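Visitor: Input: one structure, supplied below.
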Amino acid sequence: MSTLVGNILVKAAKTNPKVPGHVIASALAVIAGCIIAFIGLIRCGWIVDLIPLVSISAFMTGSALNIAVGQVPTLLGISSYFNTRAATYLVVIDTLKNLPNIKKVTSKYDVAIGLTSLFLLYAIRSACKFAAKKIPSRQKAIFFISTLRTAFVILLYILISWLANRHHKTKPKFKILGTVPRGRVAQSCVI
Amino acid sequence: MIVLLIEHIAISKSFGRVNNYIINPSQEMVAIGITNILGPFLGAYPATGSFSRTAIKSKAGVRTPFAGVITAIVVLLAIYALPAMFFYIPSAALSAVIIHAVGDLITPPNTVYQFWRVSPLEVPIFFAGVFVTIFSSIENGIYTTICVSAALLIFRILKAKGRFLGKVKVHSLAGDSIIGDSGKGLGSETNAKSGGVHEDAVTRNVFLPIDHGDGSNPDIEVAEPHSGIFIFRFSEGFNYPNANHYLDQLTNHIFAETRRTNLDHYDRPGDHPWNDPAPRGKKQREIVESQRDRPTLKAIILDFSAVNNVDITSVQQLIDVRNQLDRYTAPSAVDWHFTNINNRWTKRALVSAGFGYPSIIEGDTSISRWKPIFSVAEIGGSDSAAQFAEATGNEKELKAARTAEQERPSHGDGIHADTDSGLSSGDLKGAAVKSSGRVAVVAGLNRPLFHIDLTSALQSAITNVQARDEFEGRGGPGIGEVP
């Protein structure tokens, strides 16, 4: 969903740069909402049955790959070298091409943060899975710990980032979000 | 834009599966639609349902939509209280979180294997969708999978194969050890019905595909129902896309299994259609020799259990095939029996095409030509006569009506009685056992060739054929003219 809106916004920004992005996104929402509400109100909900399960799972797999691949350059700190919104295979090729750029100073910290956080997330999850198997009586508590792993990891790295960057906000040691633009928050929230 | 719509729909569809309760998709769509209409006026962004949140909430024990209010409050607090913190989020860590989150959305290989187990054809569709998404765009991926799935469905309907059924006698033991063993899967509906008919019988007949195409035990010998009688079951409905395919299969099978009743049925050799090579002379004798052991075609039983509706094309095809087979079996005619007609419109269509009552042969020499469907008005009179008969429900009058229809009261009256009793006894038996007052069964009385199940259809077909054989053996006046 958000990748889609992002792509549309990029395109719209090219053709008509005057209109701000969030207006386009809102207009999109209104139009799509009208169509959906109309279909719902005329009780044509059965058209969802025309979409087979294969289609949904292929769509989910494809878009998940798309998003994941699109985020890898950011993870490695090389997102500024090329367009990460291109078709997925192009992003893969560009990522591989730009791997040597990791050596540059700012990127080093990005790679470290990205890879450790990713590792941490998967480690927590597999640990929780393992624990849930071992201690079935605590399954629910473990599930919530597992659910909160993202929040935990983000908070941890915010702490690290704050410790590292609080004295040079204008020129951070590694890439941080900075002043939060509207769309970005929404994007991360939706995902 | 359309993709937004499709994604909305896809997610709202998944809601029902995730939440494990019955949803009304229309209502879900109204909800999402109104959200998206009103939201942007408060500065919102296109929104859909969220899989992860749904899963977490359902696990947390959320039961009512009020949980959404609490979520909203928490999110609001986060937005107003924590922007200072957001400043320090490292982009790389955020990417890691995103990658981790979407990683769960990727269909895992064992699910794909499950797809393969369920329907091998759909796995390539799945991969096609994924690859198109990767190499082109998400929307093209969605279009690809939907279009290919639809094409597959249409192709299946188009190339649907019927099955020729044979008879198997089964014993039901007191336990359930035999039923369900040795593969009576396909015959289950027949089981139910014939079970009703022969409730106290020791054995009963079930009908299985002769080629064991249903995966039934290949050791079971499925007997041909009767020489010259074929049972054909449609598998995917019977409509204009597949009518021709079905009936080609039917006629090919019949031509391969039977012999022509009379090779010399054209007055002059020149009357042969050029594409209907009927060899004469020595060649003919050879063919007759080689096909001597084959039966002649007597009757065809069509099992309509998988058919809901017919249309003009399919009924017209049926009429054409009937004419073709009547030519094939001339001077006798083929009886067409129908069973398990599910829909009264289907019955109506078949009746108006001239099916459902015994074949009528008009003259001594000419083969009966069934009226094409467009001239149905011509037999309207007979129809009304039949309706009148139905209204009175009197079998005597019914017979009279049918004889009047034939306009040959002197011919074959006696045999009519035979066949009629044979035919309707099966139906009456069914009617008696079936729950009382079912209109379909009562309506079947004036259409003796519509049966409630295969057993009664086969019984009446056999009775009919035997009666005709007897009649021909006696050298009665109208050989082969009597239905």
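Following the order of the structure tokens, first chain is A, next is B, and so on, with residues numbered from 1 inside each chain and ligands from 1 in the order they appear.
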Within 7 Å of chain B, which residues of chain A come that close, and what is the closest atom pair and distance in Å for each? Count only C-alpha atoms and give it as a tab-separated table.
Guide:
```
residue	atom	partner	partner_atom	distance
A:Ala25	CA	B:Tyr45	CA	5.8
A:Ser26	CA	B:Pro40	CA	4.8
A:Leu28	CA	B:Pro46	CA	6.9
A:Ala29	CA	B:Pro46	CA	4.4
A:Val30	CA	B:Ile37	CA	4.4
A:Ala32	CA	B:Leu5	CA	6.3
A:Gly33	CA	B:Gly33	CA	3.8
A:Cys34	CA	B:Gly33	CA	5.9
A:Ile36	CA	B:Gly33	CA	4.8
A:Ala37	CA	B:Gly33	CA	4.2
A:Gly40	CA	B:Ser26	CA	4.2
A:Leu41	CA	B:Val30	CA	6.3
A:Arg43	CA	B:Ser26	CA	5.3
A:Cys44	CA	B:Ser26	CA	6.2
A:Gly45	CA	B:Ser26	CA	4.0
A:Trp46	CA	B:Pro25	CA	6.8
A:Val48	CA	B:Ile9	CA	5.9
A:Ile51	CA	B:Ile146	CA	6.3
A:Pro52	CA	B:Ile146	CA	7.0
A:Val54	CA	B:Phe126	CA	5.8
A:Ser55	CA	B:Thr145	CA	5.1
A:Ile56	CA	B:Ala10	CA	6.4
A:Ser57	CA	B:Thr107	CA	6.6
A:Ala58	CA	B:Phe126	CA	5.3
A:Phe59	CA	B:Ile142	CA	6.1
A:Met60	CA	B:Leu105	CA	6.1
A:Thr61	CA	B:Ile106	CA	4.2
A:Gly62	CA	B:Val130	CA	4.7
A:Ser63	CA	B:Ile138	CA	6.4
A:Ala64	CA	B:Val102	CA	5.2
A:Asn66	CA	B:Ile134	CA	6.5
A:Ala68	CA	B:Ile99	CA	4.8
A:Gln71	CA	B:Ser95	CA	5.4
A:Thr74	CA	B:Ala92	CA	5.6
A:Leu75	CA	B:Ala92	CA	4.2
A:Leu76	CA	B:Ala92	CA	6.9
A:Gly77	CA	B:Ala92	CA	6.7
A:Ala87	CA	B:Phe135	CA	6.0
A:Thr88	CA	B:Ile134	CA	4.9
A:Tyr89	CA	B:Phe135	CA	5.8
A:Asp110	CA	B:Ala92	CA	5.6
A:Ile113	CA	B:Ala93	CA	6.0
A:Gly114	CA	B:Ala92	CA	4.5
A:Ser117	CA	B:Ala93	CA	5.8
A:Leu118	CA	B:Ala96	CA	4.9
A:Thr150	CA	B:Val97	CA	6.4
A:Ile154	CA	B:Ala93	CA	6.9
A:Tyr157	CA	B:Ala93	CA	6.9
A:Ile158	CA	B:Ile89	CA	5.1
A:Ser161	CA	B:Tyr88	CA	5.7
A:Trp162	CA	B:Tyr88	CA	5.8
A:Lys175	CA	B:Ser91	CA	5.8
A:Ile176	CA	B:Pro90	CA	4.2
A:Leu177	CA	B:Phe87	CA	5.6
A:Gly178	CA	B:Phe87	CA	4.6
A:Thr179	CA	B:Phe87	CA	5.7
A:Val180	CA	B:Phe87	CA	6.6
```
Visitor: Between atom CA of Ser146 of chain A and atom CA of Ile124 of chain A, what is the distance in Å, rounded to a tenth?
Guide: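 Taking atom CA of Ser146 of chain A and atom CA of Ile124 of chain A, their separation equals 6.8 Å.
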Visitor: Name the residues of chain A that fall into alpha helix (DSSP H) according to DSSP on the backbone, using the chain letters and numbers of this document, as a ChimeraX atom specification.
Guide: /A:2-15,21-41,53-76,88-97,105-134,139-147,149-165,182-190
Visitor: Which polymer residues have any atom within 12 Å of an atom of Ala12 of chain A, counting only C-alpha atoms, with same-chain residues fewer than 3 positions away left out, as a PyMOL selection string?
Guide: chain A and resi 5-9+15-25+27-28
